[in-house]
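J.: Next comes start.txt, compact mmCIF, C-alpha atoms and all ligand atoms:
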```
# COMPACT_ATOMS: atom_id res chain seq x y z
CA MET R 1 -0.02 12.78 15.40
CA GLU R 2 -0.50 14.89 12.32
CA THR R 3 -3.18 13.88 9.81
CA LEU R 4 -1.80 13.18 6.34
CA TYR R 5 -4.91 11.85 4.57
CA ARG R 6 -8.45 12.71 5.44
CA ILE R 7 -11.16 10.73 3.67
CA GLU R 8 -14.63 12.26 3.59
CA HIS R 9 -17.74 10.51 2.25
CA LEU R 10 -15.62 8.62 -0.25
CA GLN R 11 -17.41 6.36 -2.70
CA GLN R 12 -16.16 4.45 -5.69
CA THR R 13 -18.68 3.05 -8.12
CA TYR R 14 -18.00 0.82 -11.11
CA GLN R 15 -20.83 0.11 -13.56
CA ASN R 16 -23.45 1.29 -11.03
CA ARG R 17 -22.01 -0.90 -8.28
CA THR R 18 -20.55 0.89 -5.28
CA VAL R 19 -17.51 -1.14 -4.27
CA LEU R 20 -16.15 1.30 -1.71
CA ASP R 21 -18.06 3.50 0.71
CA VAL R 22 -15.94 5.10 3.42
CA PRO R 23 -17.62 8.06 5.15
CA ASP R 24 -14.68 8.98 7.33
CA LEU R 25 -11.09 7.82 7.76
CA SER R 26 -7.87 9.59 8.58
CA ILE R 27 -4.35 8.34 8.03
CA ARG R 28 -1.72 9.78 10.30
CA LYS R 29 1.70 10.92 9.25
CA GLY R 30 4.28 8.31 10.26
CA GLU R 31 1.91 5.46 11.06
CA ILE R 32 1.64 1.94 9.71
CA LEU R 33 -2.02 1.32 8.94
CA ALA R 34 -3.07 -2.22 8.05
CA VAL R 35 -6.18 -2.65 5.93
CA ILE R 36 -7.62 -6.11 6.23
CA GLY R 37 -10.69 -7.70 4.70
CA PRO R 38 -11.72 -10.59 2.50
CA SER R 39 -11.15 -10.68 -1.22
CA GLY R 40 -13.39 -8.24 -3.07
CA SER R 41 -13.92 -5.95 -0.07
CA GLY R 42 -12.42 -2.91 -1.81
CA LYS R 43 -8.89 -2.89 -0.36
CA SER R 44 -7.09 -2.45 -3.68
CA THR R 45 -9.62 0.14 -4.79
CA LEU R 46 -8.87 2.15 -1.66
CA LEU R 47 -5.13 1.98 -2.36
CA ARG R 48 -5.58 3.14 -5.98
CA LEU R 49 -7.55 6.12 -4.71
CA LEU R 50 -4.92 6.92 -2.07
CA ALA R 51 -2.32 6.84 -4.87
CA PHE R 52 -4.49 9.23 -6.95
CA LEU R 53 -4.56 6.67 -9.79
CA GLU R 54 -8.31 6.96 -10.20
CA THR R 55 -10.76 9.68 -9.35
CA PRO R 56 -13.43 9.02 -6.71
CA THR R 57 -17.08 8.87 -7.78
CA ARG R 58 -18.16 10.84 -4.71
CA GLY R 59 -16.60 12.52 -1.71
CA GLN R 60 -13.03 13.58 -1.34
CA ILE R 61 -9.59 12.69 -0.11
CA LEU R 62 -7.64 15.51 1.47
CA PHE R 63 -3.92 14.88 1.17
CA ASP R 64 -1.95 17.31 3.27
CA ASN R 65 -5.13 19.42 3.10
CA PHE R 66 -5.16 19.40 -0.70
CA PRO R 67 -8.51 18.05 -2.01
CA PHE R 68 -8.79 15.14 -4.44
CA THR R 69 -12.41 15.09 -5.61
CA PRO R 70 -14.57 13.84 -8.52
CA LEU R 71 -13.72 17.10 -10.23
CA THR R 72 -9.96 16.84 -9.81
CA ALA R 73 -8.64 16.00 -13.23
CA GLU R 74 -5.21 15.21 -11.87
CA MET R 75 -3.36 15.76 -8.64
CA PRO R 76 -0.36 18.08 -8.97
CA LEU R 77 2.79 16.14 -9.77
CA ALA R 78 4.53 17.36 -6.62
CA LEU R 79 1.80 15.76 -4.49
CA ARG R 80 1.53 12.53 -6.51
CA ARG R 81 5.26 12.02 -6.18
CA ARG R 82 5.00 11.91 -2.43
CA VAL R 83 3.05 8.63 -2.71
CA THR R 84 4.10 5.30 -4.25
CA LEU R 85 1.92 2.22 -4.70
CA VAL R 86 3.33 -1.28 -5.08
CA PHE R 87 0.78 -3.48 -6.82
CA GLN R 88 -0.08 -6.95 -5.63
CA ARG R 89 1.49 -8.56 -8.67
CA PRO R 90 4.27 -6.21 -9.71
CA VAL R 91 5.40 -6.38 -13.30
CA LEU R 92 9.12 -6.12 -13.99
CA PHE R 93 10.75 -5.41 -17.34
CA ASN R 94 12.69 -8.13 -19.01
CA ALA R 95 15.96 -6.52 -17.96
CA SER R 96 18.36 -6.69 -15.04
CA VAL R 97 17.26 -6.13 -11.46
CA ARG R 98 19.28 -2.91 -11.37
CA ALA R 99 17.75 -1.61 -14.60
CA ASN R 100 14.27 -2.24 -13.19
CA VAL R 101 15.06 -0.30 -10.03
CA ALA R 102 16.79 2.54 -11.89
CA TYR R 103 13.95 2.95 -14.38
CA GLY R 104 11.65 5.04 -12.18
CA VAL R 105 14.31 7.48 -11.06
CA ARG R 106 15.58 7.89 -14.62
CA LEU R 107 12.04 8.57 -15.76
CA ARG R 108 11.93 11.44 -13.31
CA GLY R 109 14.98 12.90 -14.96
CA GLU R 110 17.00 12.43 -11.82
CA HIS R 111 20.61 11.73 -12.60
CA ASN R 112 23.38 10.56 -10.30
CA HIS R 113 20.94 8.06 -8.85
CA HIS R 114 23.48 5.23 -8.85
CA GLN R 115 24.08 5.28 -5.10
CA ARG R 116 20.39 5.47 -4.31
CA VAL R 117 19.71 2.47 -6.54
CA GLU R 118 22.47 0.49 -4.82
CA GLN R 119 21.21 1.55 -1.41
CA SER R 120 17.62 0.50 -2.11
CA LEU R 121 18.80 -2.86 -3.49
CA ARG R 122 20.70 -3.38 -0.24
CA GLU R 123 17.61 -2.42 1.74
CA VAL R 124 15.68 -5.32 0.21
CA GLY R 125 18.60 -7.76 0.26
CA MET R 126 18.98 -7.89 -3.54
CA GLU R 127 22.47 -6.35 -3.76
CA LYS R 128 24.00 -9.62 -4.94
CA MET R 129 21.47 -9.99 -7.74
CA VAL R 130 21.79 -6.65 -9.51
CA HIS R 131 22.71 -8.24 -12.83
CA VAL R 132 20.16 -11.04 -12.75
CA ARG R 133 17.44 -10.81 -15.41
CA ALA R 134 14.03 -10.17 -13.92
CA HIS R 135 12.32 -13.07 -15.67
CA THR R 136 14.48 -15.57 -13.77
CA LEU R 137 13.54 -14.24 -10.30
CA SER R 138 11.43 -16.08 -7.72
CA GLY R 139 8.20 -14.59 -6.39
CA GLY R 140 9.92 -13.21 -3.30
CA GLU R 141 12.73 -11.67 -5.35
CA ILE R 142 10.23 -10.05 -7.72
CA GLN R 143 8.38 -8.52 -4.79
CA ARG R 144 11.63 -7.29 -3.22
CA THR R 145 12.80 -5.79 -6.51
CA ALA R 146 9.45 -4.02 -6.81
CA LEU R 147 9.91 -2.69 -3.28
CA ALA R 148 13.40 -1.43 -4.14
CA ARG R 149 11.96 0.27 -7.25
CA ALA R 150 9.42 2.00 -4.98
CA ILE R 151 11.73 3.11 -2.17
CA VAL R 152 14.39 4.44 -4.52
CA LEU R 153 11.83 7.15 -5.31
CA GLN R 154 11.97 8.19 -1.64
CA PRO R 155 8.22 8.50 -1.18
CA GLU R 156 6.72 9.88 1.98
CA VAL R 157 3.87 7.36 1.75
CA LEU R 158 4.22 3.76 0.63
CA LEU R 159 1.04 1.87 -0.24
CA LEU R 160 1.57 -1.89 -0.32
CA ASP R 161 -1.03 -4.22 -1.78
CA GLU R 162 -0.66 -7.70 -0.26
CA PRO R 163 3.15 -7.39 -0.24
CA THR R 164 3.73 -10.90 1.07
CA ALA R 165 0.86 -12.88 -0.46
CA ASN R 166 2.04 -16.35 -1.48
CA LEU R 167 5.59 -15.81 -0.26
CA ASP R 168 7.70 -18.20 1.83
CA PRO R 169 8.37 -17.36 5.50
CA TYR R 170 11.91 -16.11 4.77
CA ASN R 171 10.68 -13.50 2.29
CA VAL R 172 7.74 -12.59 4.50
CA ARG R 173 10.12 -11.83 7.34
CA LEU R 174 12.50 -9.80 5.14
CA ILE R 175 9.63 -7.69 3.85
CA GLU R 176 8.05 -7.18 7.26
CA GLU R 177 11.42 -6.07 8.64
CA LEU R 178 11.82 -3.67 5.74
CA ILE R 179 8.40 -2.16 6.39
CA GLN R 180 9.26 -1.59 10.04
CA ARG R 181 12.67 -0.14 9.19
CA LEU R 182 11.23 2.33 6.68
CA ASN R 183 8.72 3.42 9.27
CA ARG R 184 11.08 3.70 12.23
CA GLN R 185 14.18 5.07 10.52
CA GLN R 186 12.62 7.33 7.92
CA GLY R 187 9.27 8.07 9.47
CA MET R 188 7.61 6.76 6.34
CA THR R 189 3.82 6.41 6.40
CA LEU R 190 2.75 2.95 5.25
CA VAL R 191 -0.64 1.55 4.34
CA VAL R 192 -0.37 -2.22 4.13
CA VAL R 193 -3.21 -4.20 2.63
CA THR R 194 -3.21 -7.77 3.79
CA HIS R 195 -5.67 -10.56 4.30
CA ASN R 196 -3.33 -11.93 6.96
CA VAL R 197 -4.59 -10.81 10.36
CA PHE R 198 -1.38 -11.99 12.02
CA GLN R 199 0.64 -9.71 9.77
CA ALA R 200 -1.57 -6.75 10.68
CA ARG R 201 -1.07 -7.57 14.31
CA ARG R 202 2.71 -7.82 13.95
CA LEU R 203 3.19 -4.66 11.91
CA ALA R 204 0.51 -2.07 12.24
CA HIS R 205 -0.04 0.74 14.68
CA ARG R 206 -3.69 0.79 13.64
CA THR R 207 -5.81 -1.74 11.80
CA ALA R 208 -8.89 -1.16 9.66
CA LEU R 209 -11.41 -3.76 8.49
CA LEU R 210 -13.24 -3.46 5.18
CA LEU R 211 -16.20 -5.69 4.40
CA GLU R 212 -18.08 -5.36 1.12
CA GLY R 213 -16.66 -1.89 0.59
CA LYS R 214 -17.62 -0.62 4.03
CA LEU R 215 -15.22 0.43 6.73
CA ILE R 216 -16.39 -1.66 9.68
CA GLU R 217 -13.87 -0.61 12.28
CA VAL R 218 -10.53 1.14 12.63
CA ALA R 219 -8.62 1.16 15.90
CA GLU R 220 -5.22 0.91 17.51
CA THR R 221 -4.03 -2.60 16.66
CA PRO R 222 -3.98 -4.01 20.22
CA SER R 223 -7.52 -2.88 20.96
CA PHE R 224 -8.69 -3.85 17.46
CA PHE R 225 -7.67 -7.44 18.12
CA GLU R 226 -8.25 -7.66 21.86
CA HIS R 227 -11.45 -5.65 22.24
CA PRO R 228 -13.08 -5.29 18.82
CA ALA R 229 -16.08 -2.98 19.00
CA ASP R 230 -17.99 -4.59 16.13
CA SER R 231 -19.21 -8.19 16.11
CA ARG R 232 -18.14 -8.47 12.45
CA THR R 233 -14.57 -7.60 13.43
CA ARG R 234 -14.70 -10.33 16.05
CA ALA R 235 -15.98 -12.80 13.47
CA PHE R 236 -13.34 -11.81 10.91
CA ILE R 237 -10.38 -12.11 13.25
CA GLN R 238 -11.67 -15.44 14.46
CA GLY R 239 -11.60 -16.63 10.87
CA GLU R 240 -15.32 -16.88 10.33
CA TRP R 241 -15.09 -14.99 7.03
P1 LIG A 301 -9.90 -6.41 -2.81
O1 LIG A 301 -8.62 -5.75 -3.14
O2 LIG A 301 -10.35 -6.21 -1.38
O3 LIG A 301 -9.93 -7.84 -3.19
P2 LIG A 301 -10.94 -4.76 -4.96
O4 LIG A 301 -10.78 -3.35 -4.54
O5 LIG A 301 -9.96 -5.30 -5.92
O6 LIG A 301 -11.05 -5.69 -3.67
O7 LIG A 301 -12.35 -4.95 -5.62
C1 LIG A 301 -13.57 -4.59 -4.98
C2 LIG A 301 -14.71 -4.88 -5.93
O8 LIG A 301 -14.63 -3.95 -7.01
C3 LIG A 301 -14.65 -6.26 -6.55
O9 LIG A 301 -15.95 -6.75 -6.65
C4 LIG A 301 -14.07 -6.00 -7.91
O10 LIG A 301 -14.52 -6.94 -8.85
C5 LIG A 301 -14.59 -4.62 -8.23
N1 LIG A 301 -13.69 -3.85 -9.11
C6 LIG A 301 -12.43 -3.44 -8.80
N2 LIG A 301 -11.91 -2.71 -9.80
C7 LIG A 301 -12.84 -2.65 -10.77
C8 LIG A 301 -12.91 -2.02 -12.05
N3 LIG A 301 -11.89 -1.30 -12.54
N4 LIG A 301 -14.06 -2.18 -12.76
C9 LIG A 301 -15.10 -2.89 -12.27
N5 LIG A 301 -15.10 -3.49 -11.06
C10 LIG A 301 -13.99 -3.38 -10.32
MG MG A 302 -6.88 -6.59 -3.86
```
Please rewrite the model in this file as structure tokens.
T.:
Amino acid sequence: METLYRIEHLQQTYQNRTVLDVPDLSIRKGEILAVIGPSGSGKSTLLRLLAFLETPTRGQILFDNFPFTPLTAEMPLALRRRVTLVFQRPVLFNASVRANVAYGVRLRGEHNHHQRVEQSLREVGMEKMVHVRAHTLSGGEIQRTALARAIVLQPEVLLLDEPTANLDPYNVRLIEELIQRLNRQQGMTLVVVTHNVFQARRLAHRTALLLEGKLIEVAETPSFFEHPADSRTRAFIQGEW
């Protein structure tokens, strides 16, 4: 499989504290990579870097061979647009579901987006709620609207930060099915941050474990869970963290 991201000696430091230190990691085009780890292990920081939202302190991220380094002021728009991040707690405007989903495409100056907006609302099962005001939505509906707002942009890479945290089983299943559909039908590359090891096991082709900012292990999901190479991986998946 083709390499889409290549991370080299990546470090992110806030106020003299290094919260992420990943010497080497590749993300393959068309894979679902789960990133697991306890709270504070640097998962969200990694996603922000992969979305080019902040600049690394050290090292580099090659995206399609284009380097993102401490010296890169900004990634070219054409590259940034290939990647979309959905935050853990998405914020919607106090407007209708449809207006929230249409906002991003309108911002890009893309017109005639009506069908794409409808299509992405159908994808997340929100087609009957297009006129509902965002502030009346449940947690699961907010997350699904945020996902529609992301996929309407037709990214090549979707970065999801705890997409099902605190959701009921119905919404968890809808979102997991969506992730698999985007991957299988559109070949989308997905990086899914989760602290749910079962979710990683259900969804991901490969799983990576972060502990205290360090990449402990990354492997094909079956071997990650069945034959972990590192004792800390074993401890984490057995719930000792
Ligand atoms: P996770 O998503 O795994 O819970 P984060 O990436 O959010 O972890 O955070 C990793 C560590 O970095 C935490 O200790 C957090 O407090 C710290 N951190 C994250 N973002 C910032 C920031 N902008 N400024 C200072 N510290 C931060
Ligand atoms: Mg986080």
J.: Can you check which parts of chain R lie within 7 Å of ligand MG 302 (chain A)? Per residue, the shortest pair of atoms and distance in Å to one decimal, counting only C-alpha atoms and all ligand atoms, sorted by chain and number, as a tab-separated table.
T.:
```
residue	atom	partner	partner_atom	distance
R:Ser39	CA	A:MG302	MG	6.5
R:Gly40	CA	A:MG302	MG	6.8
R:Gly42	CA	A:MG302	MG	7.0
R:Lys43	CA	A:MG302	MG	5.5
R:Ser44	CA	A:MG302	MG	4.1
R:Asp161	CA	A:MG302	MG	6.6
```
J.: Hey, can you check how far CA of Thr221 in chain R sits from CA of Ile179 in chain R?
T.: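 Distance reported for this atom pair: 16.1 Å.
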J.: For ligand LIG 301 (chain A), which residue out of R:Leu147, R:Val105, R:Leu71, R:Val193 is the nearest one, using all atoms listed in the file?
T.: R:Val193
J.: Closest to ligand LIG 301 (chain A) among R:Asp64, R:Glu212, R:Glu217, R:Glu8, using only C-alpha atoms and all ligand atoms?
T.: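 Of R:Asp64, R:Glu212, R:Glu217, R:Glu8, the one nearest ligand LIG 301 (chain A), counting only C-alpha atoms and all ligand atoms, is R:Glu212.
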J.: With distances taken over only C-alpha atoms, which residue among R:Val130, R:Leu77, R:Val192, R:Ala99 lies nearest Glu31 in chain R?
T.: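 With only C-alpha atoms as the atom set, the closest residue is R:Val192.
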J.: May I have the residues within 9 Å of ligand LIG 301 (chain A), computed using only C-alpha atoms and all ligand atoms, as an mmCIF file with C-alpha atoms, in the coordinates of the input?
T.:
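Resulting contents of result-v1.cif:
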```
data_model
loop_
_atom_site.group_PDB
_atom_site.id
_atom_site.type_symbol
_atom_site.label_atom_id
_atom_site.label_comp_id
_atom_site.auth_asym_id
_atom_site.auth_seq_id
_atom_site.Cartn_x
_atom_site.Cartn_y
_atom_site.Cartn_z
ATOM 1 C CA GLN R 12 -16.160 4.450 -5.690
ATOM 2 C CA THR R 13 -18.680 3.050 -8.120
ATOM 3 C CA TYR R 14 -18.000 0.820 -11.110
ATOM 4 C CA GLN R 15 -20.830 0.110 -13.560
ATOM 5 C CA ARG R 17 -22.010 -0.900 -8.280
ATOM 6 C CA THR R 18 -20.550 0.890 -5.280
ATOM 7 C CA VAL R 19 -17.510 -1.140 -4.270
ATOM 8 C CA LEU R 20 -16.150 1.300 -1.710
ATOM 9 C CA ILE R 36 -7.620 -6.110 6.230
ATOM 10 C CA GLY R 37 -10.690 -7.700 4.700
ATOM 11 C CA PRO R 38 -11.720 -10.590 2.500
ATOM 12 C CA SER R 39 -11.150 -10.680 -1.220
ATOM 13 C CA GLY R 40 -13.390 -8.240 -3.070
ATOM 14 C CA SER R 41 -13.920 -5.950 -0.070
ATOM 15 C CA GLY R 42 -12.420 -2.910 -1.810
ATOM 16 C CA LYS R 43 -8.890 -2.890 -0.360
ATOM 17 C CA SER R 44 -7.090 -2.450 -3.680
ATOM 18 C CA THR R 45 -9.620 0.140 -4.790
ATOM 19 C CA LEU R 46 -8.870 2.150 -1.660
ATOM 20 C CA LEU R 47 -5.130 1.980 -2.360
ATOM 21 C CA ARG R 48 -5.580 3.140 -5.980
ATOM 22 C CA GLN R 88 -0.080 -6.950 -5.630
ATOM 23 C CA ASP R 161 -1.030 -4.220 -1.780
ATOM 24 C CA GLU R 162 -0.660 -7.700 -0.260
ATOM 25 C CA VAL R 193 -3.210 -4.200 2.630
ATOM 26 C CA THR R 194 -3.210 -7.770 3.790
ATOM 27 C CA HIS R 195 -5.670 -10.560 4.300
ATOM 28 C CA LEU R 210 -13.240 -3.460 5.180
ATOM 29 C CA LEU R 211 -16.200 -5.690 4.400
ATOM 30 C CA GLU R 212 -18.080 -5.360 1.120
ATOM 31 C CA GLY R 213 -16.660 -1.890 0.590
#
```
J.: To one decimal place, how far is CA of Ile175 in chain R from CA of Leu190 in chain R in Å?
T.: 12.7 Å
J.: Determine the nearest neighbour of Thr57 in chain R from the options R:Arg28, R:Arg133, R:His205, R:His9, counting only C-alpha atoms.
T.: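 Using only C-alpha atoms, the shortest distance to Thr57 in chain R belongs to R:His9.
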J.: Restricting the calculation to only C-alpha atoms: of R:Leu25, R:Val117, R:Pro76, R:Thr136, which residue gets closest to Ala219 in chain R?
T.: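 Using only C-alpha atoms, Ala219 in chain R sits closest to R:Leu25.
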J.: Could I get the residues of range 58-169 of chain R with an atom no further than 7 Å from an atom of range 180-189 of chain R, each paired with its nearest atom pair and that distance in Å to one decimal, using all atoms listed in the file, sorted by chain and residue number, as JSON lines?
T.:
```
{"residue": "R:Glu156", "atom": "CA", "partner": "R:Met188", "partner_atom": "CA", "distance": 5.4}
{"residue": "R:Val157", "atom": "CA", "partner": "R:Thr189", "partner_atom": "CA", "distance": 4.7}
{"residue": "R:Leu158", "atom": "CA", "partner": "R:Thr189", "partner_atom": "CA", "distance": 6.4}
```
J.: Figure out the distance between CA of Glu176 in chain R and CA of Thr84 in chain R, please, to one decimal in Å.
T.: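 Separation of CA of Thr84 in chain R and CA of Glu176 in chain R: 17.4 Å.
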J.: I need the residue nearest Glu141 in chain R from this list: R:Gly30, R:Pro163, R:Pro155, R:Gly104. Use only C-alpha atoms for the distance.
T.: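 For Glu141 in chain R, the nearest of the candidates is R:Pro163.
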J.: Residues within 12 Å of Arg6 in chain R, please, as a ChimeraX atom specification. Count all atoms listed in the file; anything in the same chain fewer than 3 positions from it doesn't count.
T.: /R:2-3,9-10,22-29,50,59-69
J.: May I have the residues at most 8 Å from (7.7, -7.2, -5.8) in the file's coordinates, counting all atoms listed in the file, as an MDAnalysis selection string?
T.: chainID R and resid 86:91 139:147 163
